[in-house]
Amino acid sequence: MAGRSVVVGVGHYLPERVVPNSEFEKTLDTTDEWIRTRSGIERRHFAADDESTSDLATKAAEAALADAGLAADDIDAIIVATSTADLTFPSAATMVQARLGMTKGFAFDVQAVCAGFVFALSNANALILSGQAKRVLVIGAETFSRIMDWTDRSTCVLFGDGAGALVLELQEGAGTSDDRGILATDLNSDGRYKDLLYVDGGVSTQSTGHLRMQGNQVFRHAVEKLTKTAETALGTAGLGSAEVDWIVPHQANIRIIQGTAKKMGLPMDKVVVTVQDHGNTSAASIPLALSVGKQRGQIKSGDLIVTEAIGGGLAWGAVVLRW
């Protein structure tokens, strides 16, 4: 027998405001067709002025708890993956903890940009397997609309706001790749590539800053690194691409998603795609896609899923889990 971190609930939240590509045509030298053909994005959601990252995270958490049939005090820990927390401190996770009415356990944030949810999931799995927690609420939440340069047509049309969450619970497995739960994780980073994707401001530089990206360079690294991390995690689990039911990738760009699937030898009908509706929601994109994929009836119990993501750092990684 072996302990496994099993997904017992999933949920998401999207802000009410939907922004179609056509809205950018009024202020930028761009078109709906240009955005769609280069990114696959058709629309995205933007948070309301009075809506913060912890607000989105709390609503996604509530949905995941309801899906799991659990209350806040059934949870031992909360991990929020975000690069756009409400305040410098405390963590968004502790704000979610308070709003949920959870009075025990612990909460903290993880910052690995678009790879944040994969890093958070891996950390949650480690907490569970080491006996420090039996149930962990893992959330990805972002308000990237707050760090956009609205004059930069190459970046501001790509990102959106949202949150997704899932509940991981310790369950006994047989110790084989047929078990439900997280079967393998793979995390990587290389700080030499900072200038490819970063925000040109922060606390110690005394400014908020805006997102800056060398899109072509990020694309070049993305397909190669995402394929390799996914295959490494599958290998650790003793599995191969042929056994995968669903790739649930970070939703950054349809071309990256297509390129990675092709390199892994998997058809696009085995990929959960939400980028057209949400844009790039950074750390929120994978849990959002998992929740939407379940809602659509794509993801079912027992399915073998690979999630993979790459973001600023560069940081990248993958998680293999059986739903």
# chains A, B, ... in the order shown; residues from 1 in each chain; ligands from 1
$ residues_around --residues "region 25-40 of chain A" --least-positions-apart "3" --cutoff "8 Å" --atoms "only C-alpha atoms" --output "number ranges by chain"
A: 21-22, 151, 153, 157-158, 252-255, 275-276
$ closest_residue --among "A:Ala93, A:Ile299, A:Val6, A:Ala98" --to "Leu121 (chain A)" --atoms "only C-alpha atoms"
A:Val6
$ residues_around --residues "Asp50 (chain A)" --least-positions-apart "4" --cutoff "12 Å" --atoms "only C-alpha atoms" --output "ChimeraX atom specification"
/A:15,46,54-56,86,143,146
$ write_last_selection --atoms "N, CA and C atoms" --output "tab-separated table (two decimals), in the first residue's frame"
chain	number	residue	atom	x	y	z
A	15	PRO	N	-14.37	36.26	-13.37
A	15	PRO	CA	-15.05	37.54	-13.18
A	15	PRO	C	-16.15	37.73	-14.24
A	46	PHE	N	-11.98	40.03	-17.19
A	46	PHE	CA	-11.23	40.97	-16.37
A	46	PHE	C	-11.96	41.18	-15.05
A	54	SER	N	-7.50	37.61	-4.11
A	54	SER	CA	-8.01	36.75	-3.03
A	54	SER	C	-9.53	36.57	-3.14
A	55	ASP	N	-10.24	37.55	-3.70
A	55	ASP	CA	-11.68	37.38	-3.94
A	55	ASP	C	-11.93	36.25	-4.93
A	56	LEU	N	-11.19	36.28	-6.04
A	56	LEU	CA	-11.35	35.23	-7.06
A	56	LEU	C	-10.99	33.88	-6.47
A	86	ASP	N	-2.90	40.36	-3.56
A	86	ASP	CA	-3.52	41.65	-3.21
A	86	ASP	C	-2.49	42.62	-2.62
A	143	THR	N	-4.89	38.22	-11.21
A	143	THR	CA	-5.50	39.41	-11.83
A	143	THR	C	-4.41	40.08	-12.68
A	146	ARG	N	-4.03	43.77	-14.02
A	146	ARG	CA	-3.47	44.87	-13.22
A	146	ARG	C	-2.02	45.17	-13.56
$ atom_distance --atom1 "CA of Gly238 (chain A)" --atom2 "CA of Glu224 (chain A)"
21.1 Å
$ select_by_dssp --residues "region 162-237 of chain A" --states "strand (DSSP E or B)" --output "PyMOL selection string"
chain A and resi 162-173+181-189+197-199+202+207+211-213
$ residues_around --residues "region 123-135 of chain A" --least-positions-apart "4" --cutoff "8 Å" --atoms "only C-alpha atoms" --output "MDAnalysis selection string"
chainID A and resid 3:5 74:77 79 119 167:170 182
$ write_last_selection --atoms "C-alpha atoms" --output "PDB file, in the first residue's frame"
ATOM      1  CA  GLY A   3      -0.271   6.971   0.179  1.00  0.00           C
ATOM      2  CA  ARG A   4      -1.511   9.030  -2.759  1.00  0.00           C
ATOM      3  CA  SER A   5      -2.738  12.626  -3.056  1.00  0.00           C
ATOM      4  CA  ASP A  74     -11.849  19.712   6.903  1.00  0.00           C
ATOM      5  CA  ILE A  75      -8.800  21.306   5.204  1.00  0.00           C
ATOM      6  CA  ASP A  76      -5.329  21.257   6.794  1.00  0.00           C
ATOM      7  CA  ALA A  77      -3.524  23.638   4.426  1.00  0.00           C
ATOM      8  CA  ILE A  79      -1.600  26.900  -1.081  1.00  0.00           C
ATOM      9  CA  PHE A 119       4.721  24.018  -8.346  1.00  0.00           C
ATOM     10  CA  VAL A 167      -8.855  19.642  -3.036  1.00  0.00           C
ATOM     11  CA  LEU A 168      -6.193  16.961  -2.591  1.00  0.00           C
ATOM     12  CA  GLU A 169      -6.802  14.228  -0.014  1.00  0.00           C
ATOM     13  CA  LEU A 170      -4.584  11.451   1.326  1.00  0.00           C
ATOM     14  CA  ILE A 182      -0.671  12.233  -8.173  1.00  0.00           C
TER      15      ILE A 182
END
$ residues_around --residues "Ser285 (chain A)" --least-positions-apart "5" --cutoff "9 Å" --atoms "only C-alpha atoms" --output "list in words"
Cys114, Phe117, Gly140, Ala141, Gly162, Ala163, Gly164, Pro249, His250, Gln251, Ala252, Thr274, Val275, His278, Gly279, Asn280 and Leu290 of chain A
$ closest_residue --among "A:Val8, A:Ala284, A:Val292, A:Val320" --to "Thr232 (chain A)" --atoms "only C-alpha atoms"
A:Val320
$ closest_residue --among "A:Met95, A:Leu304, A:Ile147, A:Ala115" --to "Gly209 (chain A)" --atoms "only C-alpha atoms"
A:Ile147
$ atom_distance --atom1 "CA of Ala57 (chain A)" --atom2 "CA of Val18 (chain A)"
18.1 Å
$ select_by_dssp --residues "region 181-249 of chain A" --states "alpha helix (DSSP H)" --output "list in words"
Gly215, Asn216, Gln217, Val218, Phe219, Arg220, His221, Ala222, Val223, Glu224, Lys225, Leu226, Thr227, Lys228, Thr229, Ala230, Glu231, Thr232, Ala233, Leu234, Gly235 and Thr236 of chain A
$ residues_around --residues "Tyr193 (chain A)" --least-positions-apart "4" --cutoff "9 Å" --atoms "only C-alpha atoms" --output "PDB file with N, CA and C atoms, in the first residue's frame"
ATOM      1  N   LEU A 197      10.733  37.024 -19.939  1.00  0.00           N
ATOM      2  CA  LEU A 197       9.378  37.231 -19.424  1.00  0.00           C
ATOM      3  C   LEU A 197       9.475  37.695 -17.972  1.00  0.00           C
ATOM      4  N   GLY A 312       7.541  32.729 -16.409  1.00  0.00           N
ATOM      5  CA  GLY A 312       8.702  33.557 -16.111  1.00  0.00           C
ATOM      6  C   GLY A 312       9.615  32.894 -15.101  1.00  0.00           C
ATOM      7  N   GLY A 313      10.890  33.135 -15.272  1.00  0.00           N
ATOM      8  CA  GLY A 313      11.902  32.525 -14.394  1.00  0.00           C
ATOM      9  C   GLY A 313      13.203  32.235 -15.154  1.00  0.00           C
ATOM     10  N   LEU A 314      13.125  31.450 -16.192  1.00  0.00           N
ATOM     11  CA  LEU A 314      12.011  30.593 -16.575  1.00  0.00           C
ATOM     12  C   LEU A 314      11.798  29.496 -15.539  1.00  0.00           C
TER      13      LEU A 314
END
$ atom_distance --atom1 "CA of Ala289 (chain A)" --atom2 "CA of Ile139 (chain A)"
12.6 Å
$ residues_around --residues "Glu16 (chain A)" --least-positions-apart "5" --cutoff "8 Å" --atoms "only C-alpha atoms" --output "ChimeraX atom specification"
/A:45-48
$ write_last_selection --atoms "C-alpha atoms" --output "tab-separated table (two decimals), in the first residue's frame"
chain	number	residue	atom	x	y	z
A	45	HIS	CA	-12.38	37.90	-18.31
A	46	PHE	CA	-11.23	40.97	-16.37
A	47	ALA	CA	-11.77	41.45	-12.65
A	48	ALA	CA	-13.97	44.34	-11.51
$ closest_residue --among "A:Asp67, A:Ser83, A:Val136, A:Thr260" --to "Gln97 (chain A)" --atoms "only C-alpha atoms"
A:Val136
$ closest_residue --among "A:Leu288, A:Val203, A:Val319, A:Met102" --to "Leu87 (chain A)" --atoms "only C-alpha atoms"
A:Val203
$ closest_residue --among "A:Ile310, A:Leu100, A:Leu70, A:Ile41" --to "Thr229 (chain A)" --atoms "only C-alpha atoms"
A:Ile310
